Amino acid sequence: MTLESTKRIDKALRISTAALSIASSLVAWPAVATAEQVTIDMDDIGGVVTGAKGPEAGVWVIAETRDLPTRFIKIVVTDEQGRFVVPDLPPATYDVWVRGYGLVDSPKLKSGPGKIVELEAVNAPDKAAAAHYYPALYWYSMLKIPEKGQFPIGEVKSQDQWLNLVKTNRCITCHQLGDEATRTIPSVLGTFKTSAEAWERRIQSGQAGTDMINGISLLDMPTALANFGEWTDRVGAGELPFVTPPRPTGAERNVIVTQWDWASPTSYLHDEIATDKRNPTVNAYGPLYGSPEKSTDNVPILDPVKHVTSSVRAPILGEDTPNTQDEDPVIASSPYWGEEAIWDSRTIIHNPMFDEQGRVWFTHRIRADQTAAFCRKGSDLVSAKLFPIEASGRQLSMYDPKAKKWMLIDTCFGTHHLQFGFDADNTLWTSGGGDVVGWVNTRKLFDTGDQAGSQGWTALIVDTNGDGKRDEGYNEPGKPIDPTKDTRVKAPFYSIAPNPADGTVWGSSTSGYVMRVDPGASPPRTALTEIYRVPAEGIGIRGGDIDSRGVFWAGLSGGQFASFDRSKCKGPLNGPGAEKGALCPEGWTLYPFPGPNFAGIDGKGSAESSYYAWVDQHNTLGLGRDVPIATGNLSDFGNEAVPVKRFCAWEGGR
C-alpha cells in the first residue's frame, strides 16, 4: 500500500463512518466535557449514575431493546463524575441499567432516544453477590495447578506444558472456563460419588464431547479431572476469587460496545467480517458476514444499519462431503439440548474476509478429503512436483453479494485463517496447510478462471546452510542434519499475516513458533522460512497479527501479550541451528495481561487466555494507528496496548 493510498483511507475515515468492524462493534467515544450538564442529541440517552456515596465512576450503562428486528444492545462507561452518553440509538424503547464491580444490577428503567435519565447504582450486599459479576478469569485463577516437582505427570513432562493445555491451546480454545456454567456442576447431569466423576460426565456432553475428551486426554486424565473437581467443590462451598477486578479507567472509559443478536439459537459464530482489512472503507454501512463453523451451512448476515438479519446457504461440490452430525455425534445428553444433534454443517466455514471489491471469501470445506489430480504426484503444477498433497480438510470459497453467487475454489492445501496480501495480484494467503503454506493469486483467478494455475504452496524450508537461497534436497524433519543442506521444518501456520512493509508473510504455530516466509521470485521454488521460538516464560502461542511496520503481535499461554520485532535482531538469522528457532531472542518483548495468575505460578503473566490477536493498522477504533488487540477469552475483554506497555481493557460489562 502506498503512502498516498494510506492518506486517502485516513481522509475517508475522518469524513465518514466506515462499516462497523465486528458484530460486537467497538468505537472510541470522545470524553464527556467538563460541564456539569450532560448534553445529548435526539438519538442519544444520557444521564448520571449515583450510588450511596455519590457519583459512580467506571461502571457500565447498558441500553437494550428487543423492538428492532433483532435484539440490540449498546454499552458505555461512566466518567469520573458518573456521567454517560449512549449515542446514536435507533428509535425504540430501551431497558437501561447499571452494572459494575462492587455492585449488583440496578433495576431496569424504560427510556428512549433524546432523554436524560438518573440511574441509581445498587451496592452488592456481600462479597459473594459482587463476585457473581466477576469475569471468568478471576474464578478460573482459583484452579490449582500441579507443582513443578510433581512432573512428569503421565505424558505431560512439565508444568509449562500443563499450563499450555489448560489455557490457550486446549481447554480455553472453545470454552470460557470460570463462568457460572463451568464453575458449577448442573444438577441435570445427575448425581455422582465424586466431583471428578461429575467432570468426566460433563465433558462428554453434546456434540462437543469428542473434542473435550480428546483435549483432556492430552493431560493426565485422572489428575486433571480431580483438579477440576476440587476447584468446583471449593466454589460450591463458597470460596471466592482472591483478587477483585478493577473498574475501567482512562481510555477504557471511551470505548462503546454495540451488540446484535444474530444467527440462530442452535448455531454459533466463530468469526465475522465487515470490511477489507487493507482498506477499511470497503463495504461502508454494508452487511456483516459470519462464519458458523461446525454448527450450520447457513452463513449469517447482519445489516447494522437496519438491524436486520438474514442468511445465505453455503454450497458444496459433492455429496460425499462429510457432515458434523456424523463427525461429532452426541456422546451423552447436553444440559441444554438433551440428545438433539444441533450441529449439521458440511462446510465448517471457519473464517471470512472481504476483498477490495466487496466480495466475501471463506475458508470452507467443499468436498471430501482427497485432493484433485492436479495436487498429487504426476501433476504439472510446480508446487505439486515439489511437494504433492494427497488430502486436505478445508478449501476456499467466494460469495459475491451483488451477484448473489458463490465460487468454490478447490485448493490442494488445507485452509483455516485467510488474509489478503498488499500486492498487485491481491494474493490470498491461508493458514491450515499443515506442512505447507498456501496462496491463491486472485487477480489471475478472475482473469483466467484457472483454479489450478492460480494457486500455489510451499514447504517451510529454513536456510540452514547459510548460502542465502533455497536449495532442494533439504534435510527432512526429525532426520540428522547435514550442515551443507537447507532444512524443512514442521511449524504449521495457525494464524497468517502478510506484512504490508515488505511483502513477507508471517504467522504463528501452536507448536510454539512465530514464522516469517519470504516468498521470493517464484515462491514454490524460492520461498525461505525463518522461525522464532516463543520465550520460555511465554510457554505457548496461538493467533497473531502484524502491524504496518512489520512487528508481529500474539497472545501467549504464559498470560502475556508479545511482540516480535525482527528489526531488533543483532546476529545472523540463517545458518546452522536456524531450524531450532533460537535465534534473535532480543526481538521479543512480553507485556503481562491484566488479571491474576494461578496461585504458585512463577512469572509475570496472568491466568488470562488469548485466542487470537489483531492489529488496528488504520486507527479505526480511534485509539491509535497500529494498536494491537488481543482477545481476553476469560475476562470478557479485548486487551489493547494503548500505548505499548499499558493495557486498555474493554467490553467487560456484558
# chains A, B, ... in the order shown; residues from 1 in each chain; ligands from 1
>>> select_by_dssp(residues="segment 136-283 of chain A", states="strand (DSSP E or B)", output="ChimeraX atom specification")
/A:153,156,205,255-260,271-273,276,279
>>> residues_around(residues="Leu177 of chain A", least_positions_apart="6", cutoff="10 Å", atoms="only C-alpha atoms", output="mmCIF file with C-alpha atoms, in the first residue's frame")
data_model
loop_
_atom_site.group_PDB
_atom_site.id
_atom_site.type_symbol
_atom_site.label_atom_id
_atom_site.label_comp_id
_atom_site.auth_asym_id
_atom_site.auth_seq_id
_atom_site.Cartn_x
_atom_site.Cartn_y
_atom_site.Cartn_z
ATOM 1 C CA ALA A 136 -14.365 -15.908 34.398
ATOM 2 C CA LEU A 137 -10.630 -15.191 34.683
ATOM 3 C CA TRP A 139 -12.726 -17.645 39.099
ATOM 4 C CA TYR A 140 -10.527 -19.792 36.856
ATOM 5 C CA SER A 141 -7.379 -18.451 38.545
ATOM 6 C CA VAL A 166 -5.334 -25.940 30.467
ATOM 7 C CA LYS A 167 -5.166 -22.479 28.951
ATOM 8 C CA CYS A 171 -9.152 -26.156 27.467
ATOM 9 C CA ARG A 183 -17.524 -23.304 37.732
ATOM 10 C CA ASN A 633 -11.144 -15.189 26.471
ATOM 11 C CA LEU A 634 -11.520 -15.326 30.234
#
>>> residues_around(residues="Trp457 of chain A", least_positions_apart="5", cutoff="9 Å", atoms="only C-alpha atoms", output="list in words")
Ser383, Ala384, Phe387, Cys412, Phe413, Gly433, Val436, Val437, Gly438, Trp439, Val440, Pro523 and Pro524 of chain A
>>> closest_residue(among="A:Trp162, A:Phe242, A:Trp97, A:Phe228", to="Ala599 of chain A", atoms="only C-alpha atoms")
A:Phe242
>>> residues_around(residues="Arg443 of chain A", least_positions_apart="4", cutoff="10 Å", atoms="only C-alpha atoms", output="number ranges by chain")
A: 424-428, 447-449, 454
>>> residues_around(residues="Glu339 of chain A", least_positions_apart="5", cutoff="7 Å", atoms="only C-alpha atoms", output="MDAnalysis selection string")
chainID A and resid 330 333:334
>>> closest_residue(among="A:Ala582, A:Ile389, A:Leu103, A:Met221", to="Ala130 of chain A", atoms="only C-alpha atoms")
A:Leu103
>>> closest_residue(among="A:Pro186, A:Leu165, A:Leu445, A:Arg549", to="Asn214 of chain A", atoms="only C-alpha atoms")
A:Leu165
>>> atom_distance(atom1="atom CA of Pro628 of chain A", atom2="atom CA of Ala497 of chain A")
13.2 Å
>>> select_by_dssp(residues="segment 84-166 of chain A", states="helix (DSSP H, G or I)", output="JSON, numbers by chain")
{"A": [127, 128, 129, 130, 131, 136, 137, 138, 139, 140, 148, 149, 150, 159, 160, 161, 162, 163, 164, 165, 166]}
>>> write_last_selection(atoms="N, CA and C atoms", output="short mmCIF file (atom, residue, chain, number, x, y, z; two decimals), in the first residue's frame")
data_model
loop_
_atom_site.label_atom_id
_atom_site.label_comp_id
_atom_site.auth_asym_id
_atom_site.auth_seq_id
_atom_site.Cartn_x
_atom_site.Cartn_y
_atom_site.Cartn_z
N LYS A 127 -19.77 -10.02 49.54
CA LYS A 127 -18.70 -10.32 48.58
C LYS A 127 -19.13 -11.36 47.55
N ALA A 128 -19.95 -12.30 47.97
CA ALA A 128 -20.40 -13.34 47.04
C ALA A 128 -21.27 -12.75 45.94
N ALA A 129 -22.16 -11.84 46.32
CA ALA A 129 -23.02 -11.20 45.32
C ALA A 129 -22.20 -10.36 44.36
N ALA A 130 -21.18 -9.68 44.87
CA ALA A 130 -20.31 -8.89 44.00
C ALA A 130 -19.52 -9.79 43.05
N ALA A 131 -19.01 -10.92 43.56
CA ALA A 131 -18.18 -11.81 42.75
C ALA A 131 -18.96 -12.48 41.64
N ALA A 136 -14.75 -14.51 34.18
CA ALA A 136 -14.36 -15.91 34.40
C ALA A 136 -12.92 -16.04 34.84
N LEU A 137 -12.05 -15.16 34.34
CA LEU A 137 -10.63 -15.19 34.68
C LEU A 137 -10.41 -15.25 36.18
N TYR A 138 -11.16 -14.47 36.94
CA TYR A 138 -10.94 -14.36 38.38
C TYR A 138 -11.35 -15.64 39.09
N TRP A 139 -12.32 -16.35 38.55
CA TRP A 139 -12.73 -17.64 39.10
C TRP A 139 -11.79 -18.76 38.64
N TYR A 140 -11.39 -18.72 37.38
CA TYR A 140 -10.53 -19.79 36.86
C TYR A 140 -9.14 -19.75 37.49
N LYS A 148 5.70 -27.83 40.17
CA LYS A 148 6.74 -28.25 39.23
C LYS A 148 7.33 -29.60 39.59
N GLY A 149 7.52 -29.82 40.90
CA GLY A 149 8.15 -31.05 41.34
C GLY A 149 7.32 -32.30 41.12
N GLN A 150 6.04 -32.15 40.80
CA GLN A 150 5.17 -33.30 40.57
C GLN A 150 5.30 -33.86 39.15
N GLN A 159 5.32 -28.46 34.05
CA GLN A 159 4.23 -27.57 34.43
C GLN A 159 3.87 -26.63 33.29
N ASP A 160 4.86 -26.17 32.54
CA ASP A 160 4.58 -25.29 31.40
C ASP A 160 3.71 -25.98 30.36
N GLN A 161 4.00 -27.24 30.08
CA GLN A 161 3.17 -27.99 29.13
C GLN A 161 1.74 -28.11 29.65
N TRP A 162 1.60 -28.33 30.94
CA TRP A 162 0.27 -28.42 31.56
C TRP A 162 -0.48 -27.09 31.40
N LEU A 163 0.21 -25.99 31.70
CA LEU A 163 -0.42 -24.67 31.59
C LEU A 163 -0.83 -24.37 30.15
N ASN A 164 0.00 -24.72 29.20
CA ASN A 164 -0.34 -24.50 27.80
C ASN A 164 -1.64 -25.21 27.43
N LEU A 165 -1.86 -26.38 28.00
CA LEU A 165 -3.05 -27.17 27.67
C LEU A 165 -4.28 -26.71 28.44
N VAL A 166 -4.15 -26.37 29.71
CA VAL A 166 -5.33 -25.94 30.47
C VAL A 166 -5.71 -24.50 30.15
#
>>> residues_around(residues="segment 294-303 of chain A", least_positions_apart="2", cutoff="10 Å", atoms="only C-alpha atoms", output="compact mmCIF listing (two decimals) with N, CA and C atoms, in the first residue's frame")
# COMPACT_ATOMS: atom_id res chain seq x y z
N ALA A 23 -19.44 -7.64 14.82
CA ALA A 23 -20.82 -7.59 15.28
C ALA A 23 -20.94 -7.11 16.72
N THR A 70 -33.86 -7.35 15.34
CA THR A 70 -33.04 -8.25 16.14
C THR A 70 -32.67 -7.54 17.44
N GLN A 207 -22.43 -32.51 21.17
CA GLN A 207 -21.57 -32.81 20.03
C GLN A 207 -20.13 -32.34 20.22
N ALA A 208 -19.88 -31.50 21.23
CA ALA A 208 -18.51 -31.10 21.54
C ALA A 208 -17.81 -32.13 22.42
N TRP A 260 -25.39 -7.04 18.49
CA TRP A 260 -26.61 -7.53 17.88
C TRP A 260 -26.72 -9.02 18.13
N ASP A 261 -27.93 -9.52 18.26
CA ASP A 261 -28.18 -10.95 18.39
C ASP A 261 -28.52 -11.47 17.01
N TRP A 262 -27.63 -12.26 16.41
CA TRP A 262 -27.89 -12.73 15.06
C TRP A 262 -27.52 -14.20 14.96
N ALA A 263 -27.74 -14.78 13.79
CA ALA A 263 -27.66 -16.23 13.58
C ALA A 263 -28.88 -16.88 14.23
N SER A 264 -28.77 -18.16 14.60
CA SER A 264 -29.92 -18.90 15.11
C SER A 264 -29.62 -19.45 16.50
N THR A 266 -29.39 -22.38 17.57
CA THR A 266 -28.58 -23.60 17.61
C THR A 266 -27.24 -23.46 16.89
N SER A 267 -26.92 -22.27 16.41
CA SER A 267 -25.64 -22.07 15.73
C SER A 267 -24.78 -21.11 16.54
N TYR A 268 -23.51 -21.06 16.19
CA TYR A 268 -22.60 -20.14 16.86
C TYR A 268 -21.71 -19.49 15.81
N LEU A 269 -21.10 -18.37 16.17
CA LEU A 269 -20.20 -17.67 15.27
C LEU A 269 -18.77 -17.87 15.71
N HIS A 270 -17.96 -18.38 14.80
CA HIS A 270 -16.54 -18.45 15.09
C HIS A 270 -15.87 -17.11 14.82
N GLU A 272 -16.39 -13.11 12.29
CA GLU A 272 -17.23 -12.26 11.45
C GLU A 272 -16.36 -11.21 10.78
N ILE A 273 -16.87 -10.62 9.69
CA ILE A 273 -16.09 -9.64 8.95
C ILE A 273 -17.02 -8.55 8.43
N ALA A 274 -16.49 -7.31 8.38
CA ALA A 274 -17.27 -6.17 7.92
C ALA A 274 -16.61 -5.41 6.78
N TYR A 285 -21.09 0.82 5.78
CA TYR A 285 -22.51 0.71 6.09
C TYR A 285 -23.13 -0.59 5.55
N GLY A 286 -22.31 -1.47 5.01
CA GLY A 286 -22.83 -2.70 4.42
C GLY A 286 -22.98 -3.82 5.42
N PRO A 287 -23.46 -4.96 4.97
CA PRO A 287 -23.73 -6.08 5.88
C PRO A 287 -22.46 -6.77 6.37
N LEU A 288 -22.57 -7.37 7.54
CA LEU A 288 -21.52 -8.19 8.12
C LEU A 288 -21.82 -9.65 7.82
N TYR A 289 -20.77 -10.45 7.66
CA TYR A 289 -20.91 -11.88 7.38
C TYR A 289 -20.20 -12.67 8.47
N GLY A 290 -20.85 -13.74 8.92
CA GLY A 290 -20.30 -14.57 9.98
C GLY A 290 -19.85 -15.92 9.47
N SER A 291 -19.04 -16.59 10.28
CA SER A 291 -18.61 -17.96 9.97
C SER A 291 -19.12 -18.88 11.07
N PRO A 292 -20.07 -19.77 10.75
CA PRO A 292 -20.71 -20.60 11.78
C PRO A 292 -19.99 -21.92 12.06
N VAL A 305 -27.26 -1.27 9.90
CA VAL A 305 -28.00 -0.01 9.79
C VAL A 305 -29.49 -0.24 10.02
N LYS A 306 -30.04 -1.27 9.36
CA LYS A 306 -31.46 -1.58 9.52
C LYS A 306 -31.70 -2.58 10.65
N HIS A 307 -30.62 -3.17 11.19
CA HIS A 307 -30.71 -4.12 12.30
C HIS A 307 -31.53 -5.35 11.90
N VAL A 308 -31.28 -5.80 10.67
CA VAL A 308 -31.99 -6.95 10.11
C VAL A 308 -30.99 -8.08 9.89
N THR A 309 -31.39 -9.29 10.21
CA THR A 309 -30.54 -10.45 9.99
C THR A 309 -31.12 -11.32 8.88
N SER A 310 -30.23 -12.02 8.19
CA SER A 310 -30.62 -12.97 7.15
C SER A 310 -29.51 -14.00 7.05
N SER A 311 -29.57 -14.85 6.04
CA SER A 311 -28.52 -15.84 5.85
C SER A 311 -28.48 -16.27 4.40
N VAL A 312 -27.35 -16.85 4.01
CA VAL A 312 -27.21 -17.44 2.69
C VAL A 312 -26.58 -18.82 2.89
N ARG A 313 -27.07 -19.81 2.17
CA ARG A 313 -26.60 -21.18 2.38
C ARG A 313 -25.33 -21.43 1.57
N ALA A 314 -24.32 -21.93 2.24
CA ALA A 314 -23.05 -22.23 1.60
C ALA A 314 -23.12 -23.59 0.90
N PRO A 315 -22.70 -23.66 -0.36
CA PRO A 315 -22.80 -24.91 -1.12
C PRO A 315 -21.58 -25.81 -0.95
N ILE A 316 -21.68 -27.01 -1.49
CA ILE A 316 -20.57 -27.97 -1.53
C ILE A 316 -20.44 -28.51 -2.95
N ASN A 323 -20.31 -34.60 7.19
CA ASN A 323 -21.28 -33.80 7.93
C ASN A 323 -20.92 -33.87 9.41
N THR A 324 -21.03 -32.75 10.12
CA THR A 324 -20.68 -32.77 11.54
C THR A 324 -21.61 -33.63 12.38
N GLN A 325 -22.80 -33.94 11.88
CA GLN A 325 -23.66 -34.85 12.63
C GLN A 325 -23.06 -36.25 12.68
N GLU A 327 -19.53 -36.66 12.10
CA GLU A 327 -18.19 -36.48 12.66
C GLU A 327 -18.22 -36.19 14.16
N ASP A 328 -19.26 -35.50 14.61
CA ASP A 328 -19.37 -35.10 16.01
C ASP A 328 -20.71 -35.56 16.59
N ALA A 341 -28.94 -33.48 18.18
CA ALA A 341 -27.70 -33.11 17.49
C ALA A 341 -27.96 -31.80 16.75
N ILE A 342 -27.53 -30.70 17.34
CA ILE A 342 -27.89 -29.38 16.80
C ILE A 342 -26.94 -28.91 15.71
N TRP A 343 -25.74 -29.49 15.62
CA TRP A 343 -24.80 -29.12 14.56
C TRP A 343 -25.03 -30.01 13.34
N ASP A 344 -25.05 -29.40 12.16
CA ASP A 344 -25.27 -30.21 10.95
C ASP A 344 -24.51 -29.65 9.75
N SER A 345 -23.32 -29.10 10.00
CA SER A 345 -22.58 -28.44 8.93
C SER A 345 -21.74 -29.42 8.11
N ARG A 346 -21.71 -29.20 6.82
CA ARG A 346 -20.74 -29.86 5.95
C ARG A 346 -19.58 -28.93 5.61
N THR A 347 -19.87 -27.64 5.55
CA THR A 347 -18.89 -26.68 5.06
C THR A 347 -17.89 -26.24 6.13
N ILE A 348 -18.23 -26.39 7.40
CA ILE A 348 -17.41 -26.00 8.56
C ILE A 348 -16.65 -24.69 8.29
N ILE A 349 -17.37 -23.68 7.82
CA ILE A 349 -16.74 -22.40 7.48
C ILE A 349 -16.09 -21.80 8.73
N HIS A 350 -14.80 -21.51 8.61
CA HIS A 350 -14.02 -21.09 9.78
C HIS A 350 -13.78 -19.60 9.84
N HIS A 364 -13.51 -22.87 3.75
CA HIS A 364 -14.81 -23.52 3.52
C HIS A 364 -14.54 -24.93 2.99
>>> atom_distance(atom1="atom CA of Pro246 of chain A", atom2="atom CA of Thr78 of chain A")
14.1 Å
>>> closest_residue(among="A:Thr589, A:Gln560, A:Ser397, A:Ser548", to="Gly503 of chain A", atoms="only C-alpha atoms")
A:Ser548
>>> residues_around(residues="Gly102 of chain A", least_positions_apart="4", cutoff="12 Å", atoms="only C-alpha atoms", output="PDB file with C-alpha atoms, in the first residue's frame")
ATOM      1  CA  GLY A  51     -24.558   5.481  44.419  1.00  0.00           C
ATOM      2  CA  GLU A  56     -20.269   6.115  40.353  1.00  0.00           C
ATOM      3  CA  ALA A  57     -17.225   6.240  38.069  1.00  0.00           C
ATOM      4  CA  GLY A  58     -16.171   3.428  35.755  1.00  0.00           C
ATOM      5  CA  VAL A  59     -19.432   1.486  35.745  1.00  0.00           C
ATOM      6  CA  TRP A  60     -21.255   0.228  32.681  1.00  0.00           C
ATOM      7  CA  VAL A  98     -26.158  -0.118  35.613  1.00  0.00           C
ATOM      8  CA  SER A 106     -29.730  -1.911  39.128  1.00  0.00           C
ATOM      9  CA  ALA A 121     -26.320   2.072  41.450  1.00  0.00           C
ATOM     10  CA  VAL A 122     -27.021  -0.774  43.865  1.00  0.00           C
ATOM     11  CA  ASN A 123     -24.181  -1.897  46.117  1.00  0.00           C
ATOM     12  CA  ALA A 124     -23.641  -5.639  46.365  1.00  0.00           C
ATOM     13  CA  PRO A 125     -24.933  -6.871  49.749  1.00  0.00           C
ATOM     14  CA  ASP A 126     -21.907  -9.112  50.256  1.00  0.00           C
ATOM     15  CA  LYS A 127     -18.700 -10.317  48.583  1.00  0.00           C
ATOM     16  CA  ALA A 128     -20.395 -13.340  47.037  1.00  0.00           C
ATOM     17  CA  ALA A 129     -23.023 -11.197  45.321  1.00  0.00           C
ATOM     18  CA  ALA A 130     -20.306  -8.893  43.995  1.00  0.00           C
ATOM     19  CA  ALA A 131     -18.182 -11.808  42.749  1.00  0.00           C
ATOM     20  CA  HIS A 132     -21.112 -13.130  40.714  1.00  0.00           C
ATOM     21  CA  TYR A 133     -20.293 -10.404  38.159  1.00  0.00           C
ATOM     22  CA  TYR A 134     -16.536 -11.012  38.052  1.00  0.00           C
ATOM     23  CA  THR A 244     -11.101  -8.059  42.910  1.00  0.00           C
ATOM     24  CA  PRO A 245     -11.200  -6.765  39.321  1.00  0.00           C
ATOM     25  CA  PRO A 246     -10.635  -3.016  38.875  1.00  0.00           C
ATOM     26  CA  ARG A 247     -13.191  -0.786  37.214  1.00  0.00           C
TER      27      ARG A 247
END
>>> closest_residue(among="A:Thr168, A:Ala452, A:Val505, A:Gln395", to="Gly632 of chain A", atoms="only C-alpha atoms")
A:Thr168
>>> closest_residue(among="A:Pro280, A:Pro335, A:Pro322, A:Gly46", to="Phe84 of chain A", atoms="only C-alpha atoms")
A:Gly46
>>> decode(residues="segment 113-135 of chain A", atoms="N, CA and C atoms", output="mmCIF file, in the first residue's frame")
data_model
loop_
_atom_site.group_PDB
_atom_site.id
_atom_site.type_symbol
_atom_site.label_atom_id
_atom_site.label_comp_id
_atom_site.auth_asym_id
_atom_site.auth_seq_id
_atom_site.Cartn_x
_atom_site.Cartn_y
_atom_site.Cartn_z
ATOM 1 N N PRO A 113 -34.420 7.370 22.995
ATOM 2 C CA PRO A 113 -33.517 8.403 22.496
ATOM 3 C C PRO A 113 -34.044 9.806 22.779
ATOM 4 N N GLY A 114 -33.106 10.710 23.089
ATOM 5 C CA GLY A 114 -33.464 12.087 23.379
ATOM 6 C C GLY A 114 -33.796 12.347 24.828
ATOM 7 N N LYS A 115 -33.594 11.354 25.700
ATOM 8 C CA LYS A 115 -33.985 11.504 27.101
ATOM 9 C C LYS A 115 -32.768 11.471 28.031
ATOM 10 N N ILE A 116 -32.899 12.184 29.141
ATOM 11 C CA ILE A 116 -31.926 12.166 30.223
ATOM 12 C C ILE A 116 -32.491 11.311 31.354
ATOM 13 N N VAL A 117 -31.668 10.408 31.878
ATOM 14 C CA VAL A 117 -32.127 9.543 32.967
ATOM 15 C C VAL A 117 -31.156 9.633 34.143
ATOM 16 N N GLU A 118 -31.674 9.449 35.324
ATOM 17 C CA GLU A 118 -30.857 9.358 36.527
ATOM 18 C C GLU A 118 -30.927 7.923 37.024
ATOM 19 N N LEU A 119 -29.781 7.278 37.068
ATOM 20 C CA LEU A 119 -29.707 5.873 37.457
ATOM 21 C C LEU A 119 -29.069 5.751 38.831
ATOM 22 N N GLU A 120 -29.604 4.856 39.622
ATOM 23 C CA GLU A 120 -29.072 4.620 40.959
ATOM 24 C C GLU A 120 -28.370 3.270 40.999
ATOM 25 N N ALA A 121 -27.089 3.303 41.312
ATOM 26 C CA ALA A 121 -26.320 2.072 41.450
ATOM 27 C C ALA A 121 -26.712 1.359 42.739
ATOM 28 N N VAL A 122 -26.641 0.033 42.702
ATOM 29 C CA VAL A 122 -27.021 -0.774 43.865
ATOM 30 C C VAL A 122 -25.791 -1.529 44.355
ATOM 31 N N ASN A 123 -25.337 -1.213 45.557
ATOM 32 C CA ASN A 123 -24.181 -1.897 46.117
ATOM 33 C C ASN A 123 -24.478 -3.376 46.337
ATOM 34 N N ALA A 124 -23.486 -4.213 46.088
ATOM 35 C CA ALA A 124 -23.641 -5.639 46.365
ATOM 36 C C ALA A 124 -23.785 -5.843 47.868
ATOM 37 N N PRO A 125 -24.723 -6.682 48.308
ATOM 38 C CA PRO A 125 -24.933 -6.871 49.749
ATOM 39 C C PRO A 125 -23.790 -7.606 50.430
ATOM 40 N N ASP A 126 -23.025 -8.377 49.671
ATOM 41 C CA ASP A 126 -21.907 -9.112 50.256
ATOM 42 C C ASP A 126 -20.898 -9.436 49.156
ATOM 43 N N LYS A 127 -19.765 -10.023 49.540
ATOM 44 C CA LYS A 127 -18.700 -10.317 48.583
ATOM 45 C C LYS A 127 -19.129 -11.357 47.549
ATOM 46 N N ALA A 128 -19.951 -12.304 47.972
ATOM 47 C CA ALA A 128 -20.395 -13.340 47.037
ATOM 48 C C ALA A 128 -21.270 -12.747 45.944
ATOM 49 N N ALA A 129 -22.160 -11.835 46.315
ATOM 50 C CA ALA A 129 -23.023 -11.197 45.321
ATOM 51 C C ALA A 129 -22.202 -10.363 44.356
ATOM 52 N N ALA A 130 -21.175 -9.681 44.867
ATOM 53 C CA ALA A 130 -20.306 -8.893 43.995
ATOM 54 C C ALA A 130 -19.525 -9.792 43.048
ATOM 55 N N ALA A 131 -19.014 -10.917 43.557
ATOM 56 C CA ALA A 131 -18.182 -11.808 42.749
ATOM 57 C C ALA A 131 -18.963 -12.483 41.635
ATOM 58 N N HIS A 132 -20.280 -12.541 41.765
ATOM 59 C CA HIS A 132 -21.112 -13.130 40.714
ATOM 60 C C HIS A 132 -20.874 -12.444 39.375
ATOM 61 N N TYR A 133 -20.489 -11.179 39.384
ATOM 62 C CA TYR A 133 -20.293 -10.404 38.159
ATOM 63 C C TYR A 133 -18.834 -10.380 37.700
ATOM 64 N N TYR A 134 -17.943 -11.034 38.433
ATOM 65 C CA TYR A 134 -16.536 -11.012 38.052
ATOM 66 C C TYR A 134 -16.327 -11.812 36.768
ATOM 67 N N PRO A 135 -15.388 -11.406 35.940
ATOM 68 C CA PRO A 135 -15.075 -12.198 34.750
ATOM 69 C C PRO A 135 -14.603 -13.601 35.117
#
